[in-house]
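Chemist: Sharing input.cif here; it has mmCIF, C-alpha atoms.
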```
data_query
#
loop_
_atom_site.label_atom_id
_atom_site.label_comp_id
_atom_site.auth_asym_id
_atom_site.auth_seq_id
_atom_site.Cartn_x
_atom_site.Cartn_y
_atom_site.Cartn_z
CA MET K 1 -25.20 28.76 -10.56
CA ASP K 2 -28.07 26.60 -11.74
CA ILE K 3 -27.15 22.92 -11.46
CA PHE K 4 -28.28 22.13 -15.01
CA ASP K 5 -26.26 25.07 -16.37
CA ARG K 6 -23.17 23.85 -14.53
CA VAL K 7 -23.29 20.26 -15.78
CA SER K 8 -24.13 21.41 -19.28
CA ALA K 9 -21.10 23.68 -19.34
CA ASN K 10 -18.69 21.19 -17.76
CA ARG K 11 -19.34 17.63 -18.87
CA GLY K 12 -16.31 16.12 -17.17
CA PRO K 13 -13.00 14.80 -18.56
CA LEU K 14 -14.63 12.11 -20.70
CA GLY K 15 -17.90 13.87 -21.49
CA SER K 16 -16.00 16.87 -22.84
CA HIS K 17 -15.23 14.75 -25.94
CA SER K 18 -18.81 13.55 -26.44
CA SER K 19 -19.60 15.88 -29.37
CA TYR K 20 -17.40 13.83 -31.68
CA ALA K 21 -16.86 10.63 -29.67
CA HIS K 22 -20.44 9.50 -29.06
CA GLY K 23 -21.49 6.55 -31.17
CA TYR K 24 -18.00 5.72 -32.37
CA PHE K 25 -15.31 6.05 -29.70
CA ALA K 26 -17.80 6.09 -26.83
CA PHE K 27 -21.08 4.21 -26.72
CA PRO K 28 -20.39 2.32 -29.98
CA LYS K 29 -22.92 -0.25 -31.17
CA LEU K 30 -21.72 -3.78 -31.87
CA GLU K 31 -24.44 -5.76 -33.60
CA GLY K 32 -25.10 -9.43 -34.28
CA GLU K 33 -24.54 -12.51 -32.16
CA ILE K 34 -21.87 -12.31 -29.47
CA LYS K 35 -18.80 -13.81 -31.08
CA PRO K 36 -15.30 -12.74 -32.14
CA ARG K 37 -16.57 -11.20 -35.38
CA MET K 38 -19.48 -8.79 -35.11
CA ILE K 39 -20.89 -5.86 -37.07
CA PHE K 40 -19.88 -2.26 -36.39
CA ARG K 41 -21.45 0.48 -38.49
CA GLY K 42 -22.28 -1.98 -41.25
CA LYS K 43 -18.83 -3.62 -41.38
CA GLU K 44 -17.59 -6.88 -39.91
CA VAL K 45 -14.92 -6.34 -37.26
CA LEU K 46 -12.77 -8.70 -35.22
CA THR K 47 -13.63 -7.63 -31.68
CA TRP K 48 -11.47 -7.86 -28.56
CA SER K 49 -13.68 -5.79 -26.26
CA LEU K 50 -16.07 -8.34 -24.77
CA ASN K 51 -15.51 -9.80 -21.29
CA ASN K 52 -16.75 -13.15 -22.56
CA TYR K 53 -13.64 -14.93 -21.30
CA LEU K 54 -14.81 -18.54 -21.58
CA GLY K 55 -16.97 -18.02 -24.67
CA LEU K 56 -20.14 -18.86 -22.73
CA ALA K 57 -22.23 -15.94 -24.00
CA ASN K 58 -23.18 -17.80 -27.17
CA HIS K 59 -22.59 -21.38 -26.01
CA PRO K 60 -25.49 -23.56 -27.25
CA GLU K 61 -26.16 -25.09 -23.83
CA VAL K 62 -26.20 -21.63 -22.27
CA ARG K 63 -28.50 -20.25 -24.95
CA LYS K 64 -30.88 -23.15 -24.35
CA ALA K 65 -30.82 -22.74 -20.56
CA ASP K 66 -31.51 -19.01 -20.89
CA ALA K 67 -34.39 -19.64 -23.29
CA ASP K 68 -35.86 -22.46 -21.21
CA GLY K 69 -35.65 -20.33 -18.07
CA ALA K 70 -37.44 -17.44 -19.73
CA ALA K 71 -40.10 -19.74 -21.21
CA GLU K 72 -40.80 -21.46 -17.89
CA TYR K 73 -40.64 -18.52 -15.50
CA GLY K 74 -40.82 -15.30 -17.53
CA MET K 75 -38.63 -12.32 -16.63
CA ALA K 76 -40.74 -11.11 -13.69
CA LEU K 77 -40.49 -14.06 -11.30
CA PRO K 78 -39.70 -13.74 -8.46
CA MET K 79 -41.39 -10.45 -7.70
CA GLY K 80 -40.13 -8.26 -4.89
CA ALA K 81 -36.94 -8.02 -2.89
CA ARG K 82 -35.24 -11.27 -1.92
CA MET K 83 -35.93 -10.78 1.80
CA MET K 84 -39.64 -10.08 1.36
CA SER K 85 -40.97 -12.23 -1.49
CA GLY K 86 -38.15 -12.82 -3.97
CA ASN K 87 -36.47 -15.97 -2.73
CA SER K 88 -36.49 -19.39 -4.41
CA THR K 89 -34.93 -22.83 -4.13
CA LEU K 90 -32.91 -22.15 -7.28
CA HIS K 91 -31.47 -18.94 -5.84
CA GLU K 92 -30.30 -20.89 -2.80
CA GLN K 93 -28.97 -23.74 -4.96
CA LEU K 94 -26.88 -21.29 -6.98
CA GLU K 95 -25.49 -19.78 -3.78
CA ASP K 96 -24.51 -23.20 -2.46
CA GLU K 97 -22.78 -24.17 -5.70
CA LEU K 98 -20.90 -20.87 -5.89
CA ALA K 99 -19.68 -21.25 -2.30
CA GLU K 100 -18.43 -24.73 -3.07
CA MET K 101 -16.73 -23.51 -6.25
CA VAL K 102 -14.68 -20.88 -4.43
CA MET K 103 -14.10 -23.08 -1.38
CA LYS K 104 -16.01 -20.96 1.11
CA PRO K 105 -18.67 -22.05 3.63
CA SER K 106 -21.43 -19.78 2.32
CA ALA K 107 -22.36 -17.29 -0.42
CA THR K 108 -25.12 -14.85 -1.23
CA LEU K 109 -26.26 -13.51 -4.59
CA LEU K 110 -26.05 -9.87 -5.63
CA ASN K 111 -28.07 -8.22 -8.37
CA PHE K 112 -25.11 -6.36 -9.85
CA GLY K 113 -21.41 -6.41 -9.15
CA TYR K 114 -20.85 -2.67 -8.89
CA GLN K 115 -23.64 -1.93 -6.44
CA GLY K 116 -22.87 -5.17 -4.61
CA VAL K 117 -19.30 -4.13 -3.80
CA VAL K 118 -20.44 -0.67 -2.69
CA SER K 119 -23.05 -2.23 -0.42
CA ILE K 120 -20.72 -4.86 1.04
CA ILE K 121 -18.24 -2.21 2.12
CA ASP K 122 -21.01 -0.03 3.52
CA ALA K 123 -22.43 -2.93 5.55
CA MET K 124 -19.14 -4.32 6.84
CA VAL K 125 -17.57 -1.26 8.49
CA ASN K 126 -18.63 1.35 11.05
CA ARG K 127 -17.07 4.66 12.04
CA HIS K 128 -14.64 2.98 14.44
CA ASP K 129 -13.16 0.78 11.71
CA VAL K 130 -10.37 1.66 9.29
CA ILE K 131 -10.33 0.73 5.61
CA VAL K 132 -6.98 0.17 3.86
CA TYR K 133 -7.20 -0.27 0.10
CA ASP K 134 -5.05 -0.57 -3.01
CA ALA K 135 -4.50 2.67 -4.93
CA GLU K 136 -5.59 1.12 -8.23
CA SER K 137 -8.85 -0.33 -6.94
CA HIS K 138 -11.87 -0.38 -9.23
CA ALA K 139 -14.35 2.49 -9.13
CA CYS K 140 -16.91 0.37 -7.25
CA ILE K 141 -14.43 -0.06 -4.40
CA ILE K 142 -13.62 3.66 -4.40
CA ASP K 143 -17.32 4.53 -4.23
CA GLY K 144 -17.84 2.07 -1.38
CA VAL K 145 -14.90 3.54 0.51
CA ARG K 146 -16.34 7.04 0.06
CA LEU K 147 -19.40 5.99 2.06
CA HIS K 148 -17.26 5.07 5.05
CA ALA K 149 -17.71 7.40 8.02
CA GLY K 150 -14.38 6.40 9.56
CA LYS K 151 -10.76 6.62 8.47
CA ARG K 152 -9.49 5.16 5.23
CA PHE K 153 -5.89 4.82 4.06
CA VAL K 154 -4.67 3.99 0.57
CA TYR K 155 -1.49 2.04 -0.13
CA THR K 156 0.67 2.17 -3.26
CA HIS K 157 -0.47 -0.42 -5.78
CA ASN K 158 0.79 -3.90 -4.84
CA ASN K 159 3.47 -2.39 -2.61
CA MET K 160 3.63 -4.44 0.57
CA ALA K 161 5.93 -1.98 2.35
CA SER K 162 3.36 0.75 1.70
CA LEU K 163 0.55 -1.54 2.86
CA GLU K 164 2.37 -2.32 6.09
CA LYS K 165 2.94 1.38 6.72
CA GLN K 166 -0.79 2.03 6.35
CA LEU K 167 -1.62 -0.97 8.51
CA GLU K 168 0.57 0.44 11.27
CA ARG K 169 -1.36 3.73 11.07
CA ALA K 170 -4.65 1.85 11.07
CA LYS K 171 -3.69 -0.30 14.05
CA ARG K 172 -2.77 2.74 16.14
CA LEU K 173 -6.26 4.10 15.53
CA THR K 174 -8.15 0.86 16.09
CA ASP K 175 -6.23 0.21 19.31
CA GLU K 176 -7.82 3.44 20.55
CA THR K 177 -11.30 3.07 19.04
CA GLY K 178 -11.76 -0.66 19.46
CA GLY K 179 -12.57 -0.95 15.76
CA GLY K 180 -11.22 -3.34 13.16
CA ILE K 181 -9.19 -3.10 9.96
CA PHE K 182 -10.73 -3.96 6.58
CA VAL K 183 -8.23 -4.42 3.74
CA ILE K 184 -9.56 -4.30 0.18
CA THR K 185 -7.79 -5.28 -3.02
CA GLU K 186 -8.46 -7.02 -6.31
CA GLY K 187 -7.53 -10.46 -7.58
CA VAL K 188 -6.87 -9.21 -11.11
CA PHE K 189 -6.75 -5.50 -11.85
CA GLY K 190 -8.91 -4.92 -14.91
CA MET K 191 -6.81 -2.26 -16.62
CA SER K 192 -3.20 -3.32 -15.99
CA GLY K 193 -4.00 -7.03 -15.93
CA ASN K 194 -1.61 -7.66 -13.06
CA GLN K 195 -2.65 -9.79 -10.13
CA GLY K 196 -3.08 -8.33 -6.69
CA ASP K 197 -0.29 -9.55 -4.42
CA LEU K 198 -2.69 -11.63 -2.37
CA ARG K 199 0.09 -13.79 -1.03
CA GLY K 200 1.87 -10.73 0.30
CA VAL K 201 -1.29 -9.28 1.81
CA VAL K 202 -2.26 -12.53 3.51
CA ALA K 203 1.23 -12.82 5.00
CA LEU K 204 0.55 -9.63 6.99
CA LYS K 205 -2.75 -10.80 8.49
CA GLU K 206 -1.32 -12.47 11.56
CA LYS K 207 0.67 -9.39 12.55
CA TYR K 208 -2.10 -6.84 12.03
CA SER K 209 -5.28 -8.89 12.58
CA PHE K 210 -7.25 -7.46 9.66
CA ARG K 211 -9.98 -8.91 7.47
CA LEU K 212 -9.38 -9.18 3.72
CA PHE K 213 -11.99 -8.47 1.04
CA VAL K 214 -11.00 -9.38 -2.54
CA ASP K 215 -12.82 -8.29 -5.69
CA ASP K 216 -11.93 -11.06 -8.16
CA ALA K 217 -14.18 -10.07 -11.06
CA HIS K 218 -11.53 -10.87 -13.69
CA GLY K 219 -10.05 -13.87 -11.84
CA PHE K 220 -13.10 -16.04 -11.21
CA GLY K 221 -13.28 -18.70 -13.92
CA THR K 222 -9.97 -17.69 -15.50
CA MET K 223 -7.38 -18.12 -12.73
CA GLY K 224 -6.46 -21.11 -10.59
CA ALA K 225 -6.36 -24.82 -11.35
CA THR K 226 -10.15 -25.19 -11.08
CA GLY K 227 -11.07 -21.64 -12.02
CA ALA K 228 -11.79 -20.72 -8.39
CA GLY K 229 -9.86 -17.50 -8.88
CA THR K 230 -6.69 -15.62 -8.09
CA GLY K 231 -6.58 -16.81 -4.48
CA GLU K 232 -6.42 -20.38 -5.75
CA GLU K 233 -3.81 -19.34 -8.33
CA GLN K 234 -1.59 -17.95 -5.56
CA GLY K 235 -2.37 -20.67 -3.03
CA VAL K 236 -4.02 -18.34 -0.50
CA GLN K 237 -7.74 -18.82 -1.04
CA ASP K 238 -8.14 -19.67 2.66
CA GLY K 239 -6.61 -16.30 3.58
CA ILE K 240 -9.35 -14.37 1.76
CA ASP K 241 -12.09 -13.58 4.28
CA LEU K 242 -14.66 -12.25 1.81
CA TYR K 243 -14.45 -13.30 -1.83
CA PHE K 244 -16.43 -11.39 -4.46
CA SER K 245 -16.98 -11.89 -8.16
CA THR K 246 -19.42 -10.78 -10.81
CA PHE K 247 -21.23 -12.86 -13.42
CA ALA K 248 -20.42 -10.22 -16.06
CA LYS K 249 -17.01 -11.62 -16.99
CA SER K 250 -16.36 -15.38 -17.25
CA MET K 251 -20.07 -16.16 -16.66
CA ALA K 252 -21.18 -13.75 -19.43
CA SER K 253 -24.36 -12.73 -17.65
CA ILE K 254 -25.76 -10.33 -15.04
CA GLY K 255 -25.42 -10.66 -11.28
CA ALA K 256 -22.68 -11.32 -8.75
CA PHE K 257 -21.94 -13.06 -5.43
CA VAL K 258 -19.93 -12.74 -2.27
CA ALA K 259 -18.67 -15.73 -0.31
CA GLY K 260 -17.20 -16.21 3.16
CA PRO K 261 -18.01 -17.49 6.66
CA GLU K 262 -21.65 -18.45 7.14
CA SER K 263 -22.24 -15.99 9.98
CA VAL K 264 -20.81 -13.07 7.98
CA ILE K 265 -22.72 -13.94 4.80
CA ASP K 266 -25.91 -14.22 6.85
CA TYR K 267 -25.17 -10.77 8.29
CA LEU K 268 -24.73 -9.36 4.78
CA ARG K 269 -28.03 -10.86 3.62
CA TYR K 270 -29.83 -8.87 6.28
CA ASN K 271 -27.80 -5.67 6.01
CA MET K 272 -26.83 -4.96 2.39
CA ARG K 273 -29.10 -2.09 1.45
CA SER K 274 -28.60 -2.61 -2.29
CA GLN K 275 -30.18 -6.05 -1.95
CA ILE K 276 -32.76 -5.44 0.78
CA PHE K 277 -34.32 -2.59 -1.19
CA ALA K 278 -34.04 -4.04 -4.70
CA LYS K 279 -35.90 -6.65 -6.72
CA SER K 280 -34.52 -10.16 -6.63
CA LEU K 281 -32.39 -11.54 -9.47
CA PRO K 282 -34.91 -12.79 -12.11
CA MET K 283 -35.32 -16.55 -12.38
CA PRO K 284 -34.03 -16.91 -15.98
CA LEU K 285 -30.75 -15.30 -14.91
CA VAL K 286 -30.49 -17.74 -12.00
CA VAL K 287 -31.23 -20.73 -14.25
CA GLY K 288 -28.69 -19.46 -16.78
CA ALA K 289 -26.07 -18.91 -14.09
CA LEU K 290 -26.49 -22.48 -12.86
CA LYS K 291 -25.78 -23.78 -16.36
CA ARG K 292 -22.80 -21.45 -16.79
CA LEU K 293 -21.34 -22.58 -13.47
CA GLU K 294 -21.85 -26.21 -14.46
CA LEU K 295 -19.91 -25.69 -17.69
CA LEU K 296 -17.19 -23.77 -15.86
CA ARG K 297 -16.71 -26.72 -13.51
CA THR K 298 -17.12 -29.61 -15.96
CA GLN K 299 -15.45 -28.30 -19.13
CA PRO K 300 -11.87 -27.33 -18.22
CA GLN K 301 -11.10 -27.09 -21.93
CA LEU K 302 -12.87 -23.74 -21.97
CA LYS K 303 -10.24 -22.22 -19.68
CA GLU K 304 -7.49 -24.11 -21.52
CA ASN K 305 -8.66 -22.67 -24.85
CA LEU K 306 -8.75 -19.20 -23.32
CA TRP K 307 -5.17 -19.43 -22.11
CA THR K 308 -3.98 -20.79 -25.46
CA ILE K 309 -5.25 -17.56 -27.03
CA VAL K 310 -3.88 -15.40 -24.19
CA ARG K 311 -0.39 -16.88 -24.42
CA ALA K 312 -0.32 -16.61 -28.21
CA MET K 313 -1.47 -12.99 -28.14
CA GLN K 314 0.83 -11.82 -25.37
CA SER K 315 3.93 -13.66 -26.56
CA GLY K 316 3.31 -12.57 -30.16
CA LEU K 317 2.92 -8.92 -29.21
CA ARG K 318 5.99 -8.96 -26.98
CA GLU K 319 8.05 -10.52 -29.77
CA LYS K 320 7.07 -7.54 -31.93
CA GLY K 321 8.34 -5.19 -29.23
CA PHE K 322 5.02 -4.09 -27.73
CA ASN K 323 4.84 -3.00 -24.12
CA LEU K 324 2.19 -5.01 -22.24
CA GLY K 325 3.00 -3.52 -18.88
CA THR K 326 2.82 -5.86 -15.91
CA THR K 327 -0.05 -8.13 -16.90
CA THR K 328 -0.07 -11.65 -15.46
CA SER K 329 -3.64 -12.45 -16.45
CA CYS K 330 -5.89 -12.64 -19.51
CA VAL K 331 -6.25 -8.86 -19.62
CA THR K 332 -3.83 -7.66 -22.31
CA PRO K 333 -3.06 -3.91 -22.29
CA VAL K 334 -0.97 -2.64 -25.18
CA LEU K 335 0.72 0.61 -24.12
CA LEU K 336 1.69 3.23 -26.69
CA GLU K 337 3.01 6.77 -26.40
CA GLY K 338 0.66 9.47 -27.63
CA ASP K 339 -2.21 11.77 -26.80
CA ILE K 340 -5.95 11.77 -27.41
CA PRO K 341 -5.69 12.94 -31.06
CA ASP K 342 -3.30 10.04 -31.75
CA ALA K 343 -5.66 7.64 -30.00
CA THR K 344 -8.51 8.89 -32.17
CA GLN K 345 -6.63 8.23 -35.39
CA ILE K 346 -5.32 4.84 -34.25
CA THR K 347 -8.85 3.73 -33.42
CA LEU K 348 -10.11 4.90 -36.80
CA ASP K 349 -7.29 3.11 -38.59
CA LEU K 350 -7.83 -0.15 -36.72
CA ARG K 351 -11.58 -0.18 -37.23
CA GLU K 352 -11.88 1.24 -40.74
CA ASN K 353 -8.77 -0.15 -42.44
CA HIS K 354 -7.91 -3.29 -40.48
CA GLY K 355 -11.33 -4.39 -39.21
CA ILE K 356 -10.08 -4.62 -35.61
CA PHE K 357 -12.30 -3.44 -32.76
CA CYS K 358 -10.72 -3.10 -29.33
CA SER K 359 -11.27 -0.72 -26.45
CA ILE K 360 -8.99 2.30 -26.35
CA VAL K 361 -8.22 3.92 -23.01
CA VAL K 362 -6.89 7.46 -22.58
CA TYR K 363 -6.45 10.07 -19.86
CA PRO K 364 -7.82 10.30 -17.15
CA VAL K 365 -8.03 6.49 -16.91
CA VAL K 366 -4.34 6.24 -17.80
CA PRO K 367 -1.66 8.96 -17.41
CA LYS K 368 -1.32 11.75 -19.95
CA GLY K 369 0.85 10.76 -22.89
CA VAL K 370 -0.23 7.10 -22.70
CA ILE K 371 -2.62 5.29 -25.03
CA MET K 372 -3.84 1.87 -23.96
CA LEU K 373 -5.30 -0.57 -26.46
CA ARG K 374 -7.06 -3.03 -24.15
CA ILE K 375 -7.46 -6.54 -25.52
CA ILE K 376 -9.72 -9.12 -23.89
CA PRO K 377 -8.93 -12.57 -25.34
CA THR K 378 -11.64 -15.24 -25.13
CA ALA K 379 -11.92 -18.98 -25.62
CA ALA K 380 -13.99 -18.27 -28.74
CA HIS K 381 -11.10 -16.57 -30.57
CA THR K 382 -8.73 -18.46 -32.85
CA LEU K 383 -4.99 -18.36 -33.42
CA GLU K 384 -5.74 -16.86 -36.85
CA ASP K 385 -7.56 -14.01 -35.08
CA VAL K 386 -4.47 -13.45 -32.97
CA GLU K 387 -2.13 -13.31 -35.96
CA GLU K 388 -4.42 -10.92 -37.84
CA THR K 389 -4.49 -8.60 -34.84
CA ILE K 390 -0.73 -8.62 -34.30
CA VAL K 391 -0.22 -7.67 -37.97
CA ALA K 392 -2.68 -4.78 -37.61
CA PHE K 393 -1.13 -3.54 -34.37
CA THR K 394 2.34 -3.65 -35.90
CA ALA K 395 1.14 -1.50 -38.78
CA VAL K 396 -0.48 1.20 -36.64
CA ALA K 397 2.46 1.27 -34.21
CA GLU K 398 4.81 1.93 -37.10
CA LYS K 399 2.61 4.80 -38.31
CA LEU K 400 2.52 6.26 -34.80
CA LYS K 401 6.29 6.01 -34.49
CA LYS K 402 6.75 7.86 -37.79
CA GLY K 403 4.34 10.59 -36.76
CA LEU K 404 1.95 9.86 -39.61
CA TYR K 405 -1.21 10.22 -37.54
CA SER K 406 -2.89 13.61 -37.51
CA ARG K 407 -2.58 15.69 -34.36
CA THR K 408 -6.20 16.71 -34.56
CA THR K 409 -9.49 15.37 -33.27
CA ALA K 410 -11.18 15.97 -36.63
CA ILE K 411 -13.24 12.97 -37.69
CA PRO K 412 -13.53 11.95 -41.35
CA GLU K 413 -16.96 12.30 -42.93
CA ALA K 414 -17.20 8.51 -43.22
CA VAL K 415 -17.48 8.33 -39.46
#
```
Please render this file's structure as structure tokens.

Modeler:
Amino acid sequence: MDIFDRVSANRGPLGSHSSYAHGYFAFPKLEGEIKPRMIFRGKEVLTWSLNNYLGLANHPEVRKADADGAAEYGMALPMGARMMSGNSTLHEQLEDELAEMVMKPSATLLNFGYQGVVSIIDAMVNRHDVIVYDAESHACIIDGVRLHAGKRFVYTHNNMASLEKQLERAKRLTDETGGGIFVITEGVFGMSGNQGDLRGVVALKEKYSFRLFVDDAHGFGTMGATGAGTGEEQGVQDGIDLYFSTFAKSMASIGAFVAGPESVIDYLRYNMRSQIFAKSLPMPLVVGALKRLELLRTQPQLKENLWTIVRAMQSGLREKGFNLGTTTSCVTPVLLEGDIPDATQITLDLRENHGIFCSIVVYPVVPKGVIMLRIIPTAAHTLEDVEETIVAFTAVAEKLKKGLYSRTTAIPEAV
């Protein structure tokens, strides 16, 4: 079969809904300045879908730093890959400050989080090594694992007995091959909101002599006393061998970093293909990241404000009987029973009648029969925003329970 014919006929589990979903349920357009209330299809909506945890996206000092960086350097500088012609003193300063923030000896910048994780995994293991990873790992981890030429074993999410079983299998292999074991998990899992059991994983290191790589995209800046992440929150930051986070969450920007021992970070600088063969992070993004990191470190009230909103939202929803799963972080998943047609009508009701915009997650991201309304609280939200949202959620949940939503994917003409 012709490749184009095949992909046109089978667009995948999500793409199969694109004929009615595009522009509304998928690829929607939020307009206006980044803040809790934005414009969607000409109407103001209270939005809970932006990973702007600390409210830095529209912070006046951040806006000024971004503008000043663009005015001074333009978007092109530095030209070329970092190794060849794209390095600068500010790039190195940002790396040093990030390493200090997460209490690691060294750090290196990455252009994007997704490709960075894929490239780290690819660079760190060879065919003699074994990867052991959490079953609910992010897609970037899964794609990195797929590149591995050696064995890989998956353990049941946050199940330490399952992890130890896989470590025993891995050790039998590495004892024969002379390879090592690379364990990968997340600090905060972005869908469920629960924390990776880093304390439990670290406790197994002495027995099985593995190295631990943690993707803490949702934990950096939001977890731990200083915002250094989930390892700090659980008191095991020293047990994390390679610590990764993106700038796309609490830093509200583009880019990422990985931190660890100086010799290992130096190795990654010279071996991560996604960085060696890609243009360096533009100077305005570096300047902006320095300002964001400064605010993260010097204004603890940003994280305090965030958690005030998180606690109010999660406690308020639970008091109304909502199932929030196992979240122990800012990520707030509201789990309902229903199928894609129900999810369609709930989304329409929330956006059109209640002015609430939040991400809705359906199969295959969550099991069949489950609808997840995924709320991302931020420091920019207010307690009034929380109360308005709880009222709206209570109303749609009652409609769902009574079976009032249509069991069809038909979309009203207004949409």

Chemist: Report as a VMD selection string the full result of the PyMOL selection byres ((chain K and resi 307) around 10) when it is applied to this structure.

Modeler: chain K and resid 53 to 54 222 to 223 301 to 306 308 to 313 329 to 330 377 to 379

Chemist: Mind pulling up the distance from CA of Glu262 in chain K to CA of Gln195 in chain K?

Modeler: 27.1 Å

Chemist: Considering all atoms listed in the file, return as a ChimeraX atom specification whatever protein or nucleic-acid residues lie within 7 Å of range 230-232 of chain K, sequence-local ones (same chain, fewer than 5 positions apart) excluded.

Modeler: /K:187,198,216,219,223-224,237

Chemist: Could you tell me which of K:Asn87, K:Gln299, K:Thr326, K:Ser274 comes closest to Ala123 in chain K if we count only C-alpha atoms?

Modeler: K:Ser274

Chemist: Do you have the CA of Met75 in chain K-CA of Ser119 in chain K distance handy?

Modeler: 24.6 Å

Chemist: Evaluating the PyMOL selection byres ((chain K and resi 124) around 10) on the displayed file yields which residues, as a list in words?

Modeler: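 Answer for the PyMOL selection byres ((chain K and resi 124) around 10): Ser119, Ile120, Ile121, Asp122, Ala123, Val125, Asn126, Asp129, His148, Phe182, Val264, Tyr267, Leu268, Asn271 and Met272 of chain K.
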
Chemist: Could you check how far CA of Met160 in chain K sits from CA of Ala217 in chain K, in Å to one decimal?

Modeler: 22.0 Å

Chemist: Decode the PyMOL selection byres ((chain K and resi 38) around 12) for the given file into explicit residues and return them as an MDAnalysis selection string.

Modeler: chainID K and resid 29:37 39:50 351 355:358

Chemist: Here is a test: counting all atoms listed in the file, which residue of K:Pro284, K:Met191, K:Tyr405, K:Asn323 is nearest to Ala71 in chain K?

Modeler: K:Pro284

Chemist: Between K:Leu14, K:Leu383, K:Leu317, K:Val183, which is the closest to Lys171 in chain K once you count all atoms listed in the file?

Modeler: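 Using all atoms listed in the file, the shortest distance to Lys171 in chain K belongs to K:Val183.
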
Chemist: Can you work out which one of K:Gly325, K:Gly144, K:Gly316, K:Gly190 has the shortest atom-to-atom distance to Val365 in chain K, counting all atoms listed in the file?

Modeler: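 Among the listed residues, the smallest separation from Val365 in chain K belongs to K:Gly190.
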
Chemist: I'd like to know which of K:Ala21, K:Asp215, K:Asp175, K:Ala67 is closest to Ala139 in chain K, using all atoms listed in the file.

Modeler: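 Closest candidate: K:Asp215.
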
Chemist: Extract, using all atoms listed in the file, all DNA, RNA and protein residues at most 10 Å from Thr226 in chain K, discarding same-chain residues fewer than 3 positions from it, and format them as a list of chain:residue names.

Modeler: K:Met101, K:Val102, K:Phe220, K:Gly221, K:Thr222, K:Met223, K:Gly229, K:Glu232, K:Glu233, K:Leu296, K:Arg297, K:Thr298, K:Pro300, K:Lys303

Chemist: Restricting the calculation to only C-alpha atoms, which member of K:Leu350, K:Val258, K:Ile390, K:Ala248 is positioned closest to Gly321 in chain K?

Modeler: K:Ile390

Chemist: Produce the centre coordinates and the three edge lengths, each in Å to one decimal, of the box along x, y and z that contains all listed atoms of range 44-52 of chain K with 6 Å added on each side, as lines of an AutoDock Vina configuration file.

Modeler:
```
center_x = -14.5
center_y = -9.5
center_z = -30.6
size_x = 18.1
size_y = 19.4
size_z = 30.6
```

Chemist: Which residues are close to Val287 in chain K, i.e. within 7 Å by all atoms listed in the file, leaving aside same-chain residues fewer than 3 positions away? Reply as a list in words.

Modeler: Ala65, Asp66, Gly69, Met283, Pro284, Leu290 and Lys291 of chain K

Chemist: Please provide the set of residues having any atom within 8 Å of Val361 in chain K, restricted to only C-alpha atoms, with same-chain residues fewer than 4 positions apart removed, written as a compact mmCIF listing (two decimals) with C-alpha atoms, in the frame of the given file.

Modeler:
```txt
# COMPACT_ATOMS: atom_id res chain seq x y z
CA VAL K 365 -8.03 6.49 -16.91
CA VAL K 366 -4.34 6.24 -17.80
CA ILE K 371 -2.62 5.29 -25.03
CA MET K 372 -3.84 1.87 -23.96
CA LEU K 373 -5.30 -0.57 -26.46
CA ARG K 374 -7.06 -3.03 -24.15
```

Chemist: For range 134-138 of chain K, please output as a CSV table (one decimal) with C-alpha atoms, in the coordinates of the input all residues within 12 Å (counting all atoms listed in the file; exclusion window: fewer than 3 positions along the same chain).

Modeler:
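File produced: selection-v3.csv:
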```csv
chain,number,residue,atom,x,y,z
K,113,GLY,CA,-21.4,-6.4,-9.2
K,114,TYR,CA,-20.8,-2.7,-8.9
K,117,VAL,CA,-19.3,-4.1,-3.8
K,118,VAL,CA,-20.4,-0.7,-2.7
K,131,ILE,CA,-10.3,0.7,5.6
K,141,ILE,CA,-14.4,-0.1,-4.4
K,142,ILE,CA,-13.6,3.7,-4.4
K,143,ASP,CA,-17.3,4.5,-4.2
K,144,GLY,CA,-17.8,2.1,-1.4
K,145,VAL,CA,-14.9,3.5,0.5
K,152,ARG,CA,-9.5,5.2,5.2
K,153,PHE,CA,-5.9,4.8,4.1
K,154,VAL,CA,-4.7,4.0,0.6
K,155,TYR,CA,-1.5,2.0,-0.1
K,156,THR,CA,0.7,2.2,-3.3
K,157,HIS,CA,-0.5,-0.4,-5.8
K,158,ASN,CA,0.8,-3.9,-4.8
K,159,ASN,CA,3.5,-2.4,-2.6
K,160,MET,CA,3.6,-4.4,0.6
K,162,SER,CA,3.4,0.8,1.7
K,163,LEU,CA,0.6,-1.5,2.9
K,164,GLU,CA,2.4,-2.3,6.1
K,166,GLN,CA,-0.8,2.0,6.4
K,182,PHE,CA,-10.7,-4.0,6.6
K,183,VAL,CA,-8.2,-4.4,3.7
K,184,ILE,CA,-9.6,-4.3,0.2
K,185,THR,CA,-7.8,-5.3,-3.0
K,186,GLU,CA,-8.5,-7.0,-6.3
K,187,GLY,CA,-7.5,-10.5,-7.6
K,188,VAL,CA,-6.9,-9.2,-11.1
K,189,PHE,CA,-6.8,-5.5,-11.8
K,190,GLY,CA,-8.9,-4.9,-14.9
K,191,MET,CA,-6.8,-2.3,-16.6
K,192,SER,CA,-3.2,-3.3,-16.0
K,193,GLY,CA,-4.0,-7.0,-15.9
K,194,ASN,CA,-1.6,-7.7,-13.1
K,195,GLN,CA,-2.6,-9.8,-10.1
K,196,GLY,CA,-3.1,-8.3,-6.7
K,197,ASP,CA,-0.3,-9.6,-4.4
K,198,LEU,CA,-2.7,-11.6,-2.4
K,201,VAL,CA,-1.3,-9.3,1.8
K,212,LEU,CA,-9.4,-9.2,3.7
K,213,PHE,CA,-12.0,-8.5,1.0
K,214,VAL,CA,-11.0,-9.4,-2.5
K,215,ASP,CA,-12.8,-8.3,-5.7
K,216,ASP,CA,-11.9,-11.1,-8.2
K,217,ALA,CA,-14.2,-10.1,-11.1
K,218,HIS,CA,-11.5,-10.9,-13.7
K,365,VAL,CA,-8.0,6.5,-16.9
K,366,VAL,CA,-4.3,6.2,-17.8
```
